[in-house]
Each structure stands twice: as structure tokens, then as C-alpha cells.
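Student: Sending over a structure as C-alpha cells; questions will come in a sec.
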Amino acid sequence: MALNNLSLLRPLLCQSLVRHVRSPLVVTSQVRITPLKCPSHPHFPSAACTRLYATKKAKAKAKSQSAKVNINSALVEDIISLDEVKEDMAAVLSALEDDFTRNLSIRTSPGSLDHIVVTTKDGKFPLNQLGQLSMRSPQLIVVNMSSFPEATAAATRALRESSMNLNPEVDGTIIRVPVPKVTREHRENLAKLAKQFSNKAKESLRRVRLNAITQVKKAKEGHSEDTIRLVEKQIQQIADNIVADIDKQLSSKTKELLG
């Protein structure tokens, strides 16, 4: 009898349990909750999901900042003089600027010949220290070598061997220098020469860097590997800065030459 009554009550108990489970939760405060959904997830097909990624530029900037080293020169002076390394590398850049000034001028004025170096038995001198330069016409520059007549032949040779496409004519101590027309081809040739000068400067810079690194490696005894590594990074950083300056000089000169 009891079993029969239990079987009759079972459907009622199940219905009550289902109603209890399905009943909504009571929210005590008026707070609207918006679930975060992501379209890429199979269970959340209808909402937007945003992910933040670091850009390549930001990553490169962070990497360069973490790679920068700034060592106090006095702390490693028993390993190498970083100040001397900087001076040697800066001298490479200065030599490039001199090459650009002396050999890559397209100005049609007496001043464009000032930096041509004349080699004599007494040494090397700028042309404007040996002769008086004047502009006779827009197409002719005259160099008066009467103050140093013995250097006339050397001055003529220096003018002819310069990269300015000059063909000087000698009349006693007077050197007449016809000014060539600046053609597009001549400008392009000068731009190629500028590239050669910059490559030469980078080779000189690599030699300075290699010599400095070699000196540091010889000083490994008595210093930690971390210290040696930091000094090498500092040298590389100095070289990288000079390379950047060389590229800037080349870009500026090329723009000037090509017009």
C-alpha cells in the first residue's frame, strides 16, 4: 500500500523540483550585466571581442631601448678609452664631410675650387693658399699662381685629377679653368661618387670598431664576462650612431647633387 502511494506521489515531486530549478534568480539591485562574447568562440556567436597586440614599431622601439648601453668611461678606462674610440669614429665622419666638400661640388664660383688640395714637395696645401682665384665669366675661372710659380704644375694636376670634370689650361703662371656645363649625367656621376665615399667611410669605421673590440677582448683577464660584453655593446652602439650620421650625410648630399 505504501509503495502504491509513493508511486502516485513521484510525478508531483518531479514537477515541483523542475519548477524550483527553472525559477529565476532574484536580483537585489538594478544592475544590468552584459556578458562578454567573442565571435570566434562557438558558444558566443553574436558579440564583439577585442584583442590588443603590440605593433611591430612598438616592439622595435622597446627592443632598441632595452639594447642601449651607457657606460661611464672612467669605470672601464683600464679596458679601453671609450672617448678615444668616439674620437676615432667621429674622425671618419669628418673625413667624409671633407671628401664631399672637396670633390662633389657643382657650384660655378671660385669658392668651389678652394678645397682642392695641391701636393707639392713642401707638403699639401689648399689651392686658395697657393693661388689667387677669380671669376672672369660664368664659364671661366682663373687661378693666378704668380705668388708660388713653382707650384703651377702641381695645381694644374690637382685641378685635372679632381672629380669636378675640369680641364685646366696653363699660360705661364695663369691657369684658366673652363667651367663645364652641369649636365644631368654629371650630377648622377657625382651622386655615384658620393655613394662610393660613404662606403669607404663605413669600411674605415668597421676597422676602427674591429680594432677596439680586439683591444677589449685582450683585456678579459681580471674582468667579468658581463663587463666585457657591455663594453663591446657600447662600442657597437657608438659605431651604429656614426653609421646613421653617414647615411644622413649621403642622403643630404645626394639630394643636393641631383637637384
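Residues are referred to by chain and number: the chain letter is A, B, ... according to the order shown in the C-alpha cells, the number counts from 1 in that chain, and ligands are numbered separately from 1 in the order shown.
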List as a VMD selection string the protein and nucleic acid residues near range 119-133 of chain A, meaning an atom at most 9 Å away when only C-alpha atoms are counted, but skip any in the same chain fewer than 5 places from it.
Tutor: chain A and resid 110 to 111 113 to 114 141 to 152 154 to 155 158 to 159
Student: Residues within 10 Å of Leu258 in chain A, please, as number ranges by chain. Count only C-alpha atoms; anything in the same chain fewer than 2 positions from it doesn't count.
Tutor: A: 184-191, 253-256
Student: Could those residues be written to a file, using C-alpha atoms, as a CSV table (one decimal), in the first residue's frame?
Tutor:
chain,number,residue,atom,x,y,z
A,184,ARG,CA,72.2,65.5,-65.6
A,185,GLU,CA,74.7,62.8,-66.4
A,186,HIS,CA,77.4,64.7,-64.5
A,187,ARG,CA,75.1,65.1,-61.5
A,188,GLU,CA,74.3,61.4,-61.5
A,189,ASN,CA,78.1,60.5,-61.7
A,190,LEU,CA,78.7,62.8,-58.7
A,191,ALA,CA,75.9,61.0,-56.8
A,253,LYS,CA,74.5,65.3,-50.5
A,254,THR,CA,72.6,63.1,-53.0
A,255,LYS,CA,69.6,65.4,-52.8
A,256,GLU,CA,71.9,68.4,-53.3
Student: Report the distance between CA of Glu77 in chain A and CA of Lys233 in chain A in Å, rounded to one decimal place.
Tutor: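 Separation between CA of Glu77 in chain A and CA of Lys233 in chain A: 15.4 Å.
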Student: Find the residues near Leu166 in chain A: any atom within 10 Å, counting only C-alpha atoms, skip ones fewer than 5 places away on the same chain, and give them as number ranges by chain.
Tutor: A: 156, 158-161, 177-180
Student: Export, as a short mmCIF file (atom, residue, chain, number, x, y, z; two decimals), in the first residue's frame, the selected residues with all heavy atoms.
Tutor:
data_model
loop_
_atom_site.label_atom_id
_atom_site.label_comp_id
_atom_site.auth_asym_id
_atom_site.auth_seq_id
_atom_site.Cartn_x
_atom_site.Cartn_y
_atom_site.Cartn_z
N THR A 156 97.81 72.54 -61.45
CA THR A 156 97.13 72.12 -62.68
C THR A 156 96.75 70.64 -62.59
O THR A 156 95.64 70.23 -62.96
CB THR A 156 98.03 72.35 -63.90
OG1 THR A 156 98.42 73.73 -63.95
CG2 THR A 156 97.31 71.97 -65.18
N ALA A 158 96.29 68.89 -59.86
CA ALA A 158 95.24 68.70 -58.85
C ALA A 158 93.87 69.05 -59.42
O ALA A 158 92.87 68.37 -59.15
CB ALA A 158 95.54 69.55 -57.63
N LEU A 159 93.81 70.12 -60.22
CA LEU A 159 92.54 70.51 -60.84
C LEU A 159 92.06 69.44 -61.82
O LEU A 159 90.87 69.09 -61.84
CB LEU A 159 92.71 71.85 -61.57
CG LEU A 159 92.84 73.08 -60.68
CD1 LEU A 159 93.38 74.26 -61.48
CD2 LEU A 159 91.49 73.43 -60.07
N ARG A 160 92.98 68.92 -62.59
CA ARG A 160 92.60 67.92 -63.60
C ARG A 160 92.18 66.61 -62.96
O ARG A 160 91.29 65.91 -63.47
CB ARG A 160 93.78 67.69 -64.56
CG ARG A 160 93.45 66.79 -65.73
CD ARG A 160 94.60 66.71 -66.73
NE ARG A 160 94.74 67.98 -67.46
CZ ARG A 160 95.79 68.79 -67.36
NH1 ARG A 160 96.79 68.47 -66.55
NH2 ARG A 160 95.84 69.91 -68.07
N GLU A 161 92.81 66.24 -61.84
CA GLU A 161 92.52 64.95 -61.21
C GLU A 161 91.37 65.01 -60.23
O GLU A 161 90.97 63.98 -59.67
CB GLU A 161 93.79 64.45 -60.48
CG GLU A 161 94.91 64.07 -61.43
CD GLU A 161 96.17 63.64 -60.71
OE1 GLU A 161 96.20 63.74 -59.46
OE2 GLU A 161 97.13 63.23 -61.39
N VAL A 177 90.51 77.88 -66.05
CA VAL A 177 89.70 76.70 -65.77
C VAL A 177 88.30 76.91 -66.35
O VAL A 177 87.46 77.59 -65.74
CB VAL A 177 89.59 76.43 -64.25
CG1 VAL A 177 88.86 75.11 -64.00
CG2 VAL A 177 90.97 76.43 -63.61
N PRO A 178 88.03 76.36 -67.54
CA PRO A 178 86.67 76.45 -68.09
C PRO A 178 85.69 75.71 -67.19
O PRO A 178 85.98 74.60 -66.71
CB PRO A 178 86.79 75.75 -69.46
CG PRO A 178 88.25 75.80 -69.78
CD PRO A 178 88.96 75.70 -68.46
N VAL A 179 84.57 76.33 -66.93
CA VAL A 179 83.56 75.72 -66.07
C VAL A 179 82.64 74.86 -66.94
O VAL A 179 81.96 75.39 -67.82
CB VAL A 179 82.74 76.79 -65.33
CG1 VAL A 179 81.64 76.13 -64.50
CG2 VAL A 179 83.65 77.65 -64.48
N PRO A 180 82.64 73.57 -66.72
CA PRO A 180 81.80 72.70 -67.55
C PRO A 180 80.32 72.90 -67.25
O PRO A 180 79.94 73.26 -66.13
CB PRO A 180 82.25 71.29 -67.17
CG PRO A 180 82.76 71.43 -65.77
CD PRO A 180 83.37 72.81 -65.69
#
